[in-house]
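Here's final.txt, which has compact mmCIF, C-alpha atoms and all ligand atoms:
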```txt
# COMPACT_ATOMS: atom_id res chain seq x y z
CA MET A 23 -29.33 -0.82 -83.09
CA ARG A 24 -28.98 -3.25 -80.23
CA ALA A 25 -28.99 -6.94 -80.94
CA ALA A 26 -32.10 -8.82 -79.91
CA GLY A 27 -29.98 -11.01 -77.64
CA GLN A 28 -28.75 -7.99 -75.68
CA GLU A 29 -32.30 -6.74 -75.26
CA THR A 30 -33.42 -10.11 -74.07
CA ARG A 31 -30.63 -10.31 -71.53
CA ARG A 32 -31.55 -6.88 -70.19
CA ALA A 33 -35.18 -7.89 -70.07
CA ARG A 34 -34.68 -10.85 -67.81
CA PRO A 35 -32.38 -9.85 -64.98
CA LEU A 36 -34.34 -11.28 -62.11
CA GLN A 37 -35.03 -14.68 -63.62
CA GLU A 38 -31.52 -15.07 -64.97
CA ARG A 39 -29.75 -13.97 -61.82
CA LEU A 40 -31.84 -16.13 -59.55
CA LEU A 41 -31.58 -19.21 -61.75
CA ALA A 42 -27.82 -18.76 -62.18
CA TRP A 43 -27.40 -18.37 -58.42
CA PHE A 44 -29.52 -21.44 -57.75
CA ARG A 45 -27.63 -23.60 -60.21
CA ALA A 46 -24.29 -22.52 -58.76
CA HIS A 47 -25.16 -22.59 -55.07
CA LYS A 48 -28.05 -24.99 -54.58
CA ALA A 49 -27.74 -27.27 -51.60
CA ASP A 50 -26.94 -30.90 -52.35
CA LEU A 51 -30.14 -32.46 -51.02
CA PRO A 52 -31.01 -36.14 -51.47
CA TRP A 53 -34.25 -35.42 -53.31
CA ARG A 54 -32.34 -33.29 -55.81
CA ARG A 55 -30.28 -36.30 -56.86
CA THR A 56 -33.26 -38.12 -58.31
CA GLN A 57 -35.77 -37.72 -61.11
CA ASP A 58 -38.10 -40.32 -59.56
CA PRO A 59 -41.47 -38.53 -59.21
CA TYR A 60 -42.39 -40.72 -56.24
CA ALA A 61 -39.24 -39.76 -54.31
CA ILE A 62 -39.80 -36.07 -55.13
CA TRP A 63 -43.40 -36.39 -53.98
CA VAL A 64 -42.32 -37.97 -50.66
CA SER A 65 -39.82 -35.15 -50.09
CA GLU A 66 -42.42 -32.46 -50.75
CA ILE A 67 -44.86 -34.02 -48.29
CA MET A 68 -42.18 -34.34 -45.61
CA LEU A 69 -40.99 -30.76 -46.15
CA GLN A 70 -44.42 -29.30 -45.39
CA GLN A 71 -44.08 -27.35 -42.13
CA THR A 72 -40.75 -29.09 -41.49
CA GLN A 73 -37.12 -28.00 -41.71
CA VAL A 74 -34.84 -29.51 -44.35
CA ALA A 75 -32.32 -30.77 -41.77
CA THR A 76 -35.07 -32.61 -39.89
CA VAL A 77 -36.43 -34.22 -43.05
CA ILE A 78 -33.15 -35.65 -44.45
CA PRO A 79 -32.82 -38.73 -42.18
CA TYR A 80 -36.56 -39.43 -42.32
CA TYR A 81 -36.51 -39.27 -46.12
CA ALA A 82 -33.63 -41.76 -46.35
CA ARG A 83 -35.26 -44.25 -43.96
CA PHE A 84 -38.64 -43.89 -45.61
CA LEU A 85 -37.38 -44.57 -49.13
CA LYS A 86 -35.25 -47.45 -47.93
CA THR A 87 -38.34 -49.08 -46.39
CA PHE A 88 -40.79 -48.04 -49.12
CA PRO A 89 -38.74 -47.60 -52.31
CA THR A 90 -41.78 -47.60 -54.61
CA VAL A 91 -45.37 -46.44 -54.65
CA LYS A 92 -46.41 -50.09 -54.51
CA ALA A 93 -44.34 -50.74 -51.38
CA LEU A 94 -45.87 -47.71 -49.66
CA ALA A 95 -49.38 -48.76 -50.67
CA ALA A 96 -48.82 -52.08 -48.86
CA ALA A 97 -47.52 -50.48 -45.62
CA SER A 98 -49.34 -51.13 -42.35
CA ASP A 99 -50.35 -48.30 -40.00
CA HIS A 100 -47.73 -49.51 -37.56
CA GLN A 101 -44.83 -49.49 -40.08
CA LEU A 102 -45.86 -46.18 -41.56
CA LEU A 103 -46.38 -44.26 -38.33
CA LYS A 104 -43.27 -45.72 -36.69
CA LEU A 105 -41.18 -44.40 -39.59
CA TRP A 106 -42.91 -41.03 -39.36
CA GLN A 107 -42.62 -40.82 -35.56
CA GLY A 108 -41.23 -37.43 -34.52
CA LEU A 109 -41.84 -35.76 -37.89
CA GLY A 110 -45.29 -34.56 -36.77
CA TYR A 111 -48.43 -33.82 -38.77
CA TYR A 112 -49.15 -37.54 -39.03
CA ARG A 113 -52.14 -36.96 -41.30
CA ARG A 114 -49.54 -36.34 -44.03
CA ALA A 115 -48.28 -39.92 -43.76
CA MET A 116 -51.77 -41.42 -43.79
CA ASN A 117 -52.76 -39.31 -46.81
CA LEU A 118 -49.54 -40.22 -48.60
CA ARG A 119 -50.31 -43.91 -48.22
CA ALA A 120 -53.95 -43.41 -49.23
CA ALA A 121 -52.73 -41.58 -52.34
CA ALA A 122 -50.20 -44.34 -53.07
CA ARG A 123 -53.01 -46.90 -52.88
CA GLU A 124 -55.03 -44.88 -55.36
CA VAL A 125 -52.03 -44.57 -57.70
CA VAL A 126 -51.57 -48.35 -57.62
CA ALA A 127 -55.29 -49.04 -58.07
CA LYS A 128 -56.02 -46.50 -60.81
CA HIS A 129 -52.72 -45.57 -62.46
CA GLY A 130 -50.71 -48.78 -62.52
CA GLY A 131 -48.35 -47.52 -59.80
CA ARG A 132 -47.10 -44.58 -61.91
CA VAL A 133 -47.30 -41.11 -60.39
CA PRO A 134 -49.70 -39.16 -62.66
CA ASP A 135 -47.95 -36.50 -64.74
CA ASN A 136 -51.27 -34.74 -65.26
CA PRO A 137 -51.65 -31.95 -62.65
CA GLN A 138 -55.41 -32.30 -62.37
CA THR A 139 -55.21 -36.05 -61.81
CA PHE A 140 -52.37 -35.63 -59.34
CA ALA A 141 -54.24 -32.86 -57.48
CA SER A 142 -57.20 -35.18 -56.99
CA LEU A 143 -55.16 -37.56 -54.79
CA PRO A 144 -55.51 -37.38 -50.98
CA GLY A 145 -53.25 -34.81 -49.34
CA ILE A 146 -52.32 -33.00 -52.57
CA GLY A 147 -53.04 -29.29 -52.28
CA ARG A 148 -52.29 -26.59 -54.78
CA TYR A 149 -48.75 -25.98 -53.53
CA THR A 150 -47.74 -29.67 -53.40
CA CYS A 151 -49.23 -30.35 -56.82
CA ALA A 152 -47.27 -27.49 -58.37
CA ALA A 153 -44.02 -28.33 -56.58
CA VAL A 154 -44.05 -32.03 -57.58
CA GLN A 155 -45.31 -31.47 -61.11
CA SER A 156 -42.82 -28.69 -61.84
CA ILE A 157 -39.81 -30.50 -60.38
CA ALA A 158 -40.61 -34.01 -61.60
CA PHE A 159 -42.29 -33.27 -64.93
CA GLY A 160 -41.24 -29.72 -65.82
CA ARG A 161 -44.79 -28.34 -65.65
CA ARG A 162 -45.12 -24.56 -65.51
CA LEU A 163 -47.05 -24.38 -62.28
CA ALA A 164 -46.44 -21.69 -59.70
CA ILE A 165 -45.81 -22.31 -56.02
CA LEU A 166 -46.66 -20.10 -53.09
CA ASP A 167 -45.51 -21.12 -49.63
CA GLY A 168 -44.14 -19.13 -46.70
CA ASN A 169 -40.76 -18.69 -48.40
CA ALA A 170 -42.26 -17.52 -51.68
CA ILE A 171 -44.59 -15.11 -49.88
CA ARG A 172 -41.65 -13.56 -48.08
CA VAL A 173 -39.60 -13.28 -51.25
CA PHE A 174 -42.40 -11.79 -53.38
CA THR A 175 -43.54 -9.28 -50.76
CA ARG A 176 -39.94 -8.10 -50.45
CA TRP A 177 -39.13 -7.99 -54.16
CA PHE A 178 -42.23 -5.89 -54.81
CA ALA A 179 -42.41 -4.12 -51.42
CA ILE A 180 -45.96 -5.33 -50.77
CA ALA A 181 -46.76 -4.02 -47.31
CA LYS A 182 -50.23 -5.59 -47.00
CA ASP A 183 -51.42 -8.21 -44.58
CA VAL A 184 -50.54 -11.49 -46.32
CA THR A 185 -53.08 -13.45 -44.29
CA ARG A 186 -55.90 -11.71 -46.17
CA GLY A 187 -57.52 -13.64 -49.01
CA ALA A 188 -57.24 -10.80 -51.50
CA VAL A 189 -53.51 -10.44 -50.86
CA GLN A 190 -53.03 -14.20 -51.16
CA ARG A 191 -54.74 -14.09 -54.57
CA GLU A 192 -52.50 -11.22 -55.60
CA LEU A 193 -49.42 -13.18 -54.56
CA TRP A 194 -50.59 -16.27 -56.47
CA HIS A 195 -51.02 -14.06 -59.47
CA ILE A 196 -47.47 -12.76 -59.16
CA ALA A 197 -46.14 -16.31 -58.79
CA GLU A 198 -48.04 -17.42 -61.90
CA SER A 199 -46.92 -14.41 -63.91
CA LEU A 200 -43.29 -15.06 -63.08
CA ILE A 201 -43.38 -18.67 -64.24
CA ALA A 202 -45.66 -18.13 -67.23
CA LYS A 203 -44.57 -19.19 -70.68
CA THR A 204 -45.98 -16.06 -72.27
CA PRO A 205 -44.76 -12.58 -71.39
CA SER A 206 -46.71 -11.18 -68.49
CA SER A 207 -50.32 -11.72 -67.64
CA GLY A 208 -50.93 -7.99 -67.75
CA HIS A 209 -51.93 -7.41 -64.16
CA ILE A 210 -48.46 -7.61 -62.80
CA GLY A 211 -47.26 -4.98 -65.24
CA ALA A 212 -50.08 -2.61 -64.44
CA ARG A 213 -50.03 -2.99 -60.71
CA TYR A 214 -46.32 -3.09 -60.18
CA ALA A 215 -45.14 -0.95 -63.05
CA ALA A 216 -43.76 1.80 -60.87
CA PRO A 217 -42.07 -0.52 -58.37
CA LEU A 218 -40.58 -2.59 -61.15
CA GLN A 219 -39.20 0.47 -62.88
CA GLU A 220 -37.88 1.81 -59.62
CA ALA A 221 -36.12 -1.51 -59.08
CA GLY A 222 -34.55 -1.37 -62.51
CA TRP A 223 -36.67 -3.83 -64.49
CA HIS A 224 -36.70 -3.26 -68.23
CA GLY A 225 -39.38 -3.66 -70.83
CA HIS A 226 -39.61 -6.90 -72.73
CA PRO A 227 -38.74 -6.64 -76.42
CA THR A 228 -41.66 -8.76 -77.57
CA LEU A 229 -44.09 -6.29 -76.01
CA GLY A 230 -43.54 -3.52 -78.52
CA GLY A 231 -45.91 -2.39 -81.22
CA ARG A 232 -46.34 -5.89 -82.52
CA ALA A 233 -49.07 -8.08 -81.09
CA VAL A 234 -48.04 -9.70 -77.87
CA SER A 235 -48.36 -13.37 -77.26
CA PHE A 236 -51.52 -14.49 -75.69
CA LEU A 237 -52.00 -13.18 -72.23
CA ALA A 238 -52.26 -16.14 -69.96
CA THR A 239 -53.58 -16.66 -66.56
CA ARG A 240 -54.59 -19.63 -64.52
CA THR A 241 -57.55 -20.25 -62.35
CA ALA A 242 -57.28 -21.59 -58.85
CA THR A 243 -57.66 -25.10 -60.24
CA HIS A 244 -54.79 -24.67 -62.69
CA ARG A 245 -57.14 -24.50 -65.67
CA ARG A 246 -55.37 -22.44 -68.29
CA VAL A 247 -57.42 -19.62 -69.70
CA ALA A 248 -56.06 -17.94 -72.78
CA VAL A 249 -57.06 -14.37 -73.48
CA PRO A 250 -56.40 -12.94 -76.95
CA PRO A 251 -54.21 -9.87 -77.04
CA SER A 252 -55.94 -6.60 -77.42
CA SER A 253 -54.54 -3.14 -77.78
CA ARG A 254 -57.12 -1.91 -75.27
CA ALA A 255 -55.95 -4.46 -72.74
CA ARG A 256 -52.42 -3.20 -72.92
CA THR A 257 -51.85 0.12 -71.30
CA ALA A 258 -48.82 2.19 -72.13
CA THR A 259 -47.35 1.21 -68.79
CA GLN A 260 -47.81 -2.45 -69.52
CA ARG A 261 -46.09 -2.07 -72.84
CA ARG A 262 -43.15 -0.37 -71.17
CA VAL A 263 -42.83 -2.68 -68.20
CA ALA A 264 -43.81 -6.29 -68.31
CA VAL A 265 -42.62 -9.44 -66.71
CA PRO A 266 -40.73 -11.42 -69.31
CA PRO A 267 -41.30 -15.13 -69.75
CA LEU A 268 -39.26 -17.51 -67.70
CA PRO A 269 -36.26 -17.98 -69.97
CA ALA A 270 -35.06 -21.47 -69.18
CA ASN A 271 -37.22 -24.45 -69.75
CA HIS A 272 -36.93 -25.46 -66.10
CA PRO A 273 -39.91 -24.38 -64.03
CA GLY A 274 -38.83 -26.82 -61.31
CA ASP A 275 -35.52 -25.01 -60.93
CA TRP A 276 -37.33 -21.68 -60.78
CA ASN A 277 -39.67 -22.85 -58.02
CA GLN A 278 -36.82 -24.38 -56.06
CA ALA A 279 -34.73 -21.25 -56.53
CA ILE A 280 -37.45 -19.14 -54.90
CA MET A 281 -37.77 -21.59 -52.02
CA GLU A 282 -34.01 -21.77 -51.57
CA LEU A 283 -33.61 -17.99 -51.64
CA GLY A 284 -36.32 -17.68 -48.97
CA ARG A 285 -34.76 -20.40 -46.84
CA GLU A 286 -31.08 -19.48 -47.11
CA VAL A 287 -30.83 -15.75 -47.92
CA CYS A 288 -34.14 -13.93 -47.68
CA THR A 289 -34.74 -15.30 -44.20
CA PRO A 290 -37.61 -14.23 -41.92
CA ARG A 291 -35.34 -12.29 -39.58
CA SER A 292 -32.28 -10.36 -40.74
CA PRO A 293 -32.30 -11.21 -44.47
CA ARG A 294 -28.77 -11.48 -45.86
CA CYS A 295 -29.22 -8.80 -48.51
CA PRO A 296 -25.50 -8.26 -49.28
CA ALA A 297 -25.30 -11.92 -50.35
CA CYS A 298 -28.54 -11.85 -52.34
CA PRO A 299 -28.25 -12.44 -56.10
CA VAL A 300 -31.20 -10.12 -56.85
CA ARG A 301 -30.44 -7.38 -54.33
CA THR A 302 -30.29 -4.63 -56.95
CA LEU A 303 -33.77 -5.56 -58.16
CA CYS A 304 -35.35 -5.79 -54.73
CA LEU A 305 -37.62 -2.88 -54.02
CA SER A 306 -38.01 -3.38 -50.28
CA ARG A 307 -34.23 -3.36 -49.89
CA ARG A 308 -34.02 -0.11 -51.85
CA ARG A 309 -36.62 1.37 -49.58
CA GLY A 310 -35.02 -0.13 -46.46
CA ILE A 311 -38.22 -1.87 -45.36
CA GLN A 312 -37.25 -5.52 -45.94
CA ASP A 313 -37.12 -6.29 -42.20
CA ARG A 314 -40.76 -5.23 -41.84
CA LEU A 315 -42.07 -7.58 -44.56
CA PRO A 316 -44.13 -9.64 -44.92
CA VAL A 317 -46.87 -7.99 -42.88
CA LYS A 318 -48.94 -10.53 -40.97
CA ARG A 319 -51.85 -10.18 -38.61
CA LYS A 320 -50.71 -11.14 -35.12
CA LYS A 321 -51.63 -14.73 -34.31
CA LYS A 322 -53.80 -15.37 -31.30
CA PRO A 323 -51.87 -17.13 -28.52
CA VAL A 324 -52.44 -20.89 -28.71
CA PRO A 325 -54.57 -22.35 -25.90
CA HIS A 326 -52.74 -24.28 -23.20
CA ILE A 327 -54.43 -27.38 -21.80
CA GLU A 328 -53.50 -29.71 -18.97
CA VAL A 329 -53.82 -33.46 -19.47
CA GLY A 330 -53.70 -36.22 -16.85
CA ALA A 331 -51.99 -39.38 -18.21
CA GLY A 332 -51.63 -42.79 -16.51
CA ILE A 333 -48.75 -45.24 -16.67
CA VAL A 334 -51.14 -48.07 -15.86
CA TRP A 335 -49.44 -51.23 -14.57
CA ARG A 336 -50.71 -54.79 -14.48
CA ARG A 337 -48.42 -57.77 -13.84
CA GLY A 338 -45.30 -55.94 -15.00
CA ARG A 339 -46.90 -54.60 -18.19
CA VAL A 340 -48.08 -51.13 -19.09
CA LEU A 341 -51.32 -50.20 -20.85
CA LEU A 342 -50.99 -48.50 -24.25
CA CYS A 343 -54.04 -47.20 -26.15
CA LYS A 344 -54.26 -46.51 -29.87
CA ARG A 345 -55.73 -43.11 -30.67
CA ARG A 346 -58.80 -43.02 -32.84
CA ALA A 347 -58.03 -42.79 -36.55
CA ASP A 348 -60.09 -39.61 -36.96
CA ALA A 349 -58.55 -37.81 -33.97
CA MET A 350 -55.48 -35.60 -33.82
CA LEU A 351 -52.42 -37.92 -33.83
CA GLY A 352 -54.79 -40.64 -35.07
CA GLY A 353 -53.29 -44.14 -35.24
CA LEU A 354 -50.51 -43.41 -32.73
CA TRP A 355 -50.25 -45.22 -29.39
CA GLU A 356 -50.18 -43.38 -26.07
CA PHE A 357 -50.30 -43.62 -22.32
CA PRO A 358 -54.06 -43.17 -21.76
CA GLY A 359 -55.56 -40.05 -20.23
CA GLY A 360 -57.25 -36.83 -21.17
CA LYS A 361 -57.96 -33.20 -20.51
CA ARG A 362 -58.38 -32.10 -16.91
CA ARG A 363 -61.69 -30.40 -16.19
CA ARG A 364 -62.02 -27.21 -14.23
CA GLY A 365 -61.82 -27.91 -10.48
CA GLU A 366 -60.83 -31.57 -11.01
CA THR A 367 -57.78 -33.04 -9.28
CA LEU A 368 -55.29 -34.84 -11.52
CA PRO A 369 -55.91 -38.29 -9.92
CA ALA A 370 -59.67 -37.78 -10.40
CA CYS A 371 -59.07 -36.73 -14.01
CA ILE A 372 -57.01 -39.86 -14.72
CA ARG A 373 -59.59 -42.17 -13.06
CA ARG A 374 -62.41 -40.60 -15.08
CA GLU A 375 -60.49 -40.67 -18.37
CA LEU A 376 -59.53 -44.35 -17.94
CA ARG A 377 -63.19 -45.20 -17.35
CA GLU A 378 -64.32 -43.20 -20.38
CA GLU A 379 -61.58 -44.45 -22.68
CA CYS A 380 -61.45 -48.16 -21.85
CA ASP A 381 -63.78 -48.82 -18.88
CA LEU A 382 -60.90 -49.55 -16.54
CA GLY A 383 -60.68 -48.68 -12.87
CA VAL A 384 -57.26 -47.58 -11.57
CA THR A 385 -55.57 -46.58 -8.34
CA VAL A 386 -53.45 -43.52 -8.94
CA GLY A 387 -49.98 -43.60 -7.36
CA GLU A 388 -46.89 -41.43 -7.50
CA ARG A 389 -46.20 -38.77 -10.08
CA LEU A 390 -43.65 -39.67 -12.76
CA VAL A 391 -43.08 -36.56 -14.85
CA ASP A 392 -44.62 -33.45 -16.46
CA VAL A 393 -44.11 -33.02 -20.20
CA THR A 394 -45.05 -29.91 -22.20
CA HIS A 395 -45.37 -30.07 -25.96
CA THR A 396 -46.47 -27.34 -28.38
CA TYR A 397 -48.39 -28.15 -31.55
CA SER A 398 -49.23 -25.57 -34.22
CA HIS A 399 -52.59 -24.76 -32.59
CA LEU A 400 -52.28 -26.07 -29.06
CA LYS A 401 -49.91 -26.30 -26.11
CA VAL A 402 -50.32 -29.38 -23.93
CA THR A 403 -48.84 -30.21 -20.53
CA LEU A 404 -49.11 -33.90 -19.71
CA ARG A 405 -48.95 -34.71 -15.99
CA CYS A 406 -48.12 -38.38 -15.71
CA TYR A 407 -48.81 -40.66 -12.76
CA HIS A 408 -48.05 -44.30 -12.11
CA CYS A 409 -51.33 -46.19 -11.68
CA ARG A 410 -52.28 -49.71 -10.73
CA ALA A 411 -55.06 -51.32 -12.78
CA ASP A 412 -58.06 -52.74 -10.96
CA PRO A 413 -59.19 -56.21 -12.01
CA GLY A 414 -61.33 -56.31 -15.13
CA ARG A 415 -61.08 -56.33 -18.90
CA VAL A 416 -60.30 -53.35 -21.04
CA ARG A 417 -63.15 -52.27 -23.34
CA LEU A 418 -62.46 -50.08 -26.39
CA ILE A 419 -64.69 -47.05 -25.91
CA GLY A 420 -62.63 -43.96 -26.73
CA CYS A 421 -59.72 -45.65 -28.51
CA ASP A 422 -59.21 -47.99 -31.48
CA ASP A 423 -57.10 -50.60 -29.67
CA ALA A 424 -55.40 -51.25 -26.31
CA ARG A 425 -52.54 -53.55 -25.31
CA TRP A 426 -50.62 -54.54 -22.19
CA VAL A 427 -47.00 -54.10 -23.20
CA ARG A 428 -43.71 -54.95 -21.50
CA PRO A 429 -41.80 -51.72 -20.75
CA ASN A 430 -38.89 -52.72 -23.00
CA GLU A 431 -41.30 -53.23 -25.93
CA ILE A 432 -43.08 -49.87 -25.72
CA ALA A 433 -40.51 -48.21 -28.02
CA GLN A 434 -41.56 -50.53 -30.85
CA TYR A 435 -44.91 -48.71 -31.01
CA PRO A 436 -45.39 -45.42 -32.90
CA LEU A 437 -45.82 -42.79 -30.17
CA PRO A 438 -46.43 -39.03 -30.20
CA THR A 439 -43.35 -36.99 -29.28
CA ALA A 440 -44.75 -36.15 -25.82
CA ASP A 441 -45.22 -39.87 -25.05
CA VAL A 442 -41.67 -40.60 -26.22
CA ARG A 443 -40.51 -38.17 -23.54
CA ILE A 444 -42.69 -39.89 -20.95
CA LEU A 445 -41.16 -43.21 -22.01
CA GLU A 446 -37.67 -41.74 -21.56
CA ALA A 447 -38.62 -40.58 -18.05
CA LEU A 448 -40.01 -44.05 -17.33
CA GLY A 449 -36.78 -45.66 -18.52
CA ALA A 450 -34.69 -43.27 -16.44
CA GLY A 451 -36.88 -43.91 -13.38
CA ARG A 452 -36.58 -47.68 -13.79
CA ALA A 453 -32.81 -47.39 -14.19
CA ARG A 454 -32.60 -45.35 -10.99
CA ARG A 455 -34.70 -47.94 -9.17
CA ARG A 456 -32.47 -50.75 -10.42
CA MET A 457 -29.44 -48.83 -9.11
CA ARG A 458 -31.11 -48.41 -5.73
CA ASN A 459 -32.12 -52.07 -5.66
CA THR A 460 -28.57 -53.24 -6.23
CA ARG A 461 -27.68 -51.33 -3.05
CA SER A 462 -30.74 -52.25 -0.93
CA PRO A 463 -32.89 -55.32 -1.54
CA SER A 464 -36.30 -53.52 -1.32
CA ALA A 465 -38.94 -54.92 -3.64
CA PRO A 466 -39.12 -53.37 -7.14
CA ARG A 467 -42.41 -52.13 -8.48
S1 LIG B 1 -32.32 -8.12 -51.29
FE1 LIG B 1 -32.72 -8.78 -49.22
S2 LIG B 1 -34.92 -8.53 -48.92
FE2 LIG B 1 -34.53 -8.43 -51.12
S3 LIG B 1 -34.86 -10.52 -51.85
FE3 LIG B 1 -32.68 -10.30 -51.44
S4 LIG B 1 -32.44 -11.00 -49.30
FE4 LIG B 1 -34.62 -10.62 -49.65
```
Can the structure from this file be put into structure tokens for me?
Amino acid sequence: MRAAGQETRRARPLQERLLAWFRAHKADLPWRRTQDPYAIWVSEIMLQQTQVATVIPYYARFLKTFPTVKALAAASDHQLLKLWQGLGYYRRAMNLRAAAREVVAKHGGRVPDNPQTFASLPGIGRYTCAAVQSIAFGRRLAILDGNAIRVFTRWFAIAKDVTRGAVQRELWHIAESLIAKTPSSGHIGARYAAPLQEAGWHGHPTLGGRAVSFLATRTATHRRVAVPPSSRARTATQRRVAVPPLPANHPGDWNQAIMELGREVCTPRSPRCPACPVRTLCLSRRRGIQDRLPVKRKKKPVPHIEVGAGIVWRRGRVLLCKRRADAMLGGLWEFPGGKRRRGETLPACIRRELREECDLGVTVGERLVDVTHTYSHLKVTLRCYHCRADPGRVRLIGCDDARWVRPNEIAQYPLPTADVRILEALGAGRARRRMRNTRSPSAPR
């Protein structure tokens, strides 16, 4: 008769191997050196849609400037967006501060350790709630992001379009089953019995003839629903093959291990299967289809728009406009302008946009630079011209604020990445002019 311990070890190969690999090989990241829920929360917000290497310096600067929830709650738009400049998706920063203000106002500045309360804060979606609550407070909440989707579809050889709602629900269910406290939620055993057996998974010893623990599942809002065990509910297949409970009491490690595997080993292109700690349990690798997963519907090409932008001069200063708070890149400052209409020349576009945005007439001069920037849903080419402002006051029509700024002070304002590149071109152009002027005494602009 085998010892129960041996059975248990056989029953848990995937969880044990992945956790052991993570604990031995995990990257030394700044947010892994802290238990401060606020710092973990900041890291999770910054890591949304953003590479780890990009986030590291931003994270350090951010926490140095705003070391506590209270400090962040007191931040001005200007401070906040300047620190976030270049990280993109600026709505994240504004939501983070709004959430910090709510935490100070309603929770005494302590990050709520209740998932439902935390999920009610601005900018906290299902994934972020689960990631922060599992890492900071050890809550058993499943995550599903791009990395986890890739890993799960490959482990279980799920060759279905992962952009479909039904497949997303299936993947959430897998994620929840793998992190559950109780052995298996049933579905995963039934649906993936054959693949799991093919991949070498073993039955769980607690799922024998004796009554199983309560089957557990979670709703989309994390409400735990307990279902009493029933012999009818358990098919023979489910009794033979079931996902065992997560062995270690570290759901945060489990979630991070999945993310890390997806980021470092099970990469989108050319997964490094020979180095993978769970390669022998990976069904897609056995079938040789890992490079074709996950299956995704082809994205439509993003639209490409052309924007006319003015470097508008008046008495040695340049006009900067603050984008409306509710607009894309809201709260950031920019060189004013807007989308070119069909059949419109760029100078005409800039004159019209300046009128519409701040009721200012301009004379359009020489072209400075073209800058192309791609957002997740849009590609923009900014065509920038020097302009001279006509007399008259600026009125705030299509922007929240406007200022005449000395060129050497523009960098103090939070700017979108495309405008930073325009500023660099402006600086380079002014430097070239200064060089020329030292050789010939023609009048500078
Ligand atoms: S074996 Fe390959 S495809 Fe499977 S999880 Fe590991 S890296 Fe991914």
Query - Surrounding residues of A:Gly284 excluding itself and chain neighbours under 4 positions, 12 Å, only C-alpha atoms, as a VMD selection string - result: chain A and resid 40 44 166 to 177 277 to 280 288 to 295 298 to 299 316
**Report entry** Interatomic distance, atom CA of A:Gly449 to atom CA of A:Arg417 (Å, one decimal)
**Finding:** 27.6 Å
Query - Surrounding residues of A:Pro52 excluding itself and chain neighbours under 5 positions, 10 Å, all atoms listed in the file, as JSON, numbers by chain - result: {"A": [61, 62, 65, 78, 79, 81, 82]}
Query raised in the report: Any idea what the distance is between atom CA of A:Val334 and atom CA of A:Val384?
Result: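 A separation of 7.5 Å between them.
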Query raised in the report: Hey, which of A:Arg191, A:Lys48, A:Arg186, A:Lys401 ends up closest to A:His326? Count only C-alpha atoms.
Result: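 With only C-alpha atoms as the atom set, the closest residue is A:Lys401.
Here atom CA of A:Leu41 stands at a distance of 20.2 Å from atom CA of A:His195.
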Query - Nearest to ligand LIG 1 (chain B), chosen from A:Ala197, A:Ile180, A:Leu51, A:Cys304, with all atoms listed in the file counted in the distances - result: A:Cys304
Requested in this report: Find the residue from A:Val442, A:Trp276, A:Leu354, A:Thr302 that sits nearest to A:Gln101; use only C-alpha atoms when measuring.
Outcome: A:Leu354
Query raised in the report: Any idea what's packed within 8 Å of stretch 337-343 of chain A, counting only C-alpha atoms, ignoring anything in its chain fewer than 2 positions away? Could you give it as a list in words?
Result: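 My list of contacting residues is Ile333, Val334, Trp335, Arg345, Trp355, Glu356, Phe357, Pro358, Cys421, Asp422, Asp423, Ala424, Arg425, Trp426, Val427, Arg428 and Pro429 of chain A.
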Report task. Point out the residue among A:Arg389, A:Arg307, A:Lys320, A:His100 with the least atom-to-atom distance to ligand LIG 1 (chain B), counting all atoms listed in the file. Result ->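 Of A:Arg389, A:Arg307, A:Lys320, A:His100, the one nearest ligand LIG 1 (chain B) is A:Arg307, counting all atoms listed in the file.
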Query raised in the report: Skipping near chain neighbours, those fewer than 2 positions away, what residues fall within 10 Å of A:Ser156 using all atoms listed in the file, listed as JSON, numbers by chain?
Result: {"A": [135, 137, 150, 151, 152, 153, 154, 158, 159, 160, 161, 162, 163, 164, 165, 272, 273, 274, 275, 276, 277, 278]}
Requested in this report: Could you check which of A:Leu390, A:Leu283, A:Ala97, A:Ile146 is closest to ligand LIG 1 (chain B), using only C-alpha atoms and all ligand atoms?
Outcome: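 For ligand LIG 1 (chain B), the nearest of the given residues is A:Leu283.
Of the residues under consideration (A:Ala127, A:Leu305, A:Ile372, A:Val74), A:Val74 shows the shortest atom-to-atom contact distance to A:Leu109 when counting all atoms listed in the file.
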Query raised in the report: Residues around (-40.4, -47.4, -41.3), cut-off 6 Å, counting only C-alpha atoms - what are they as a PyMOL selection string?
Result: chain A and resi 84+87+101-102+104-105
Requested in this report: Write out as a VMD selection string the residues lying within 12 Å of A:Ala331, counting only C-alpha atoms and excluding same-chain residues fewer than 3 positions away.
Outcome: chain A and resid 328 334 341 to 343 356 to 362 368 to 376 379 384 386 to 387 389 to 393 402 to 409 440 to 441 444
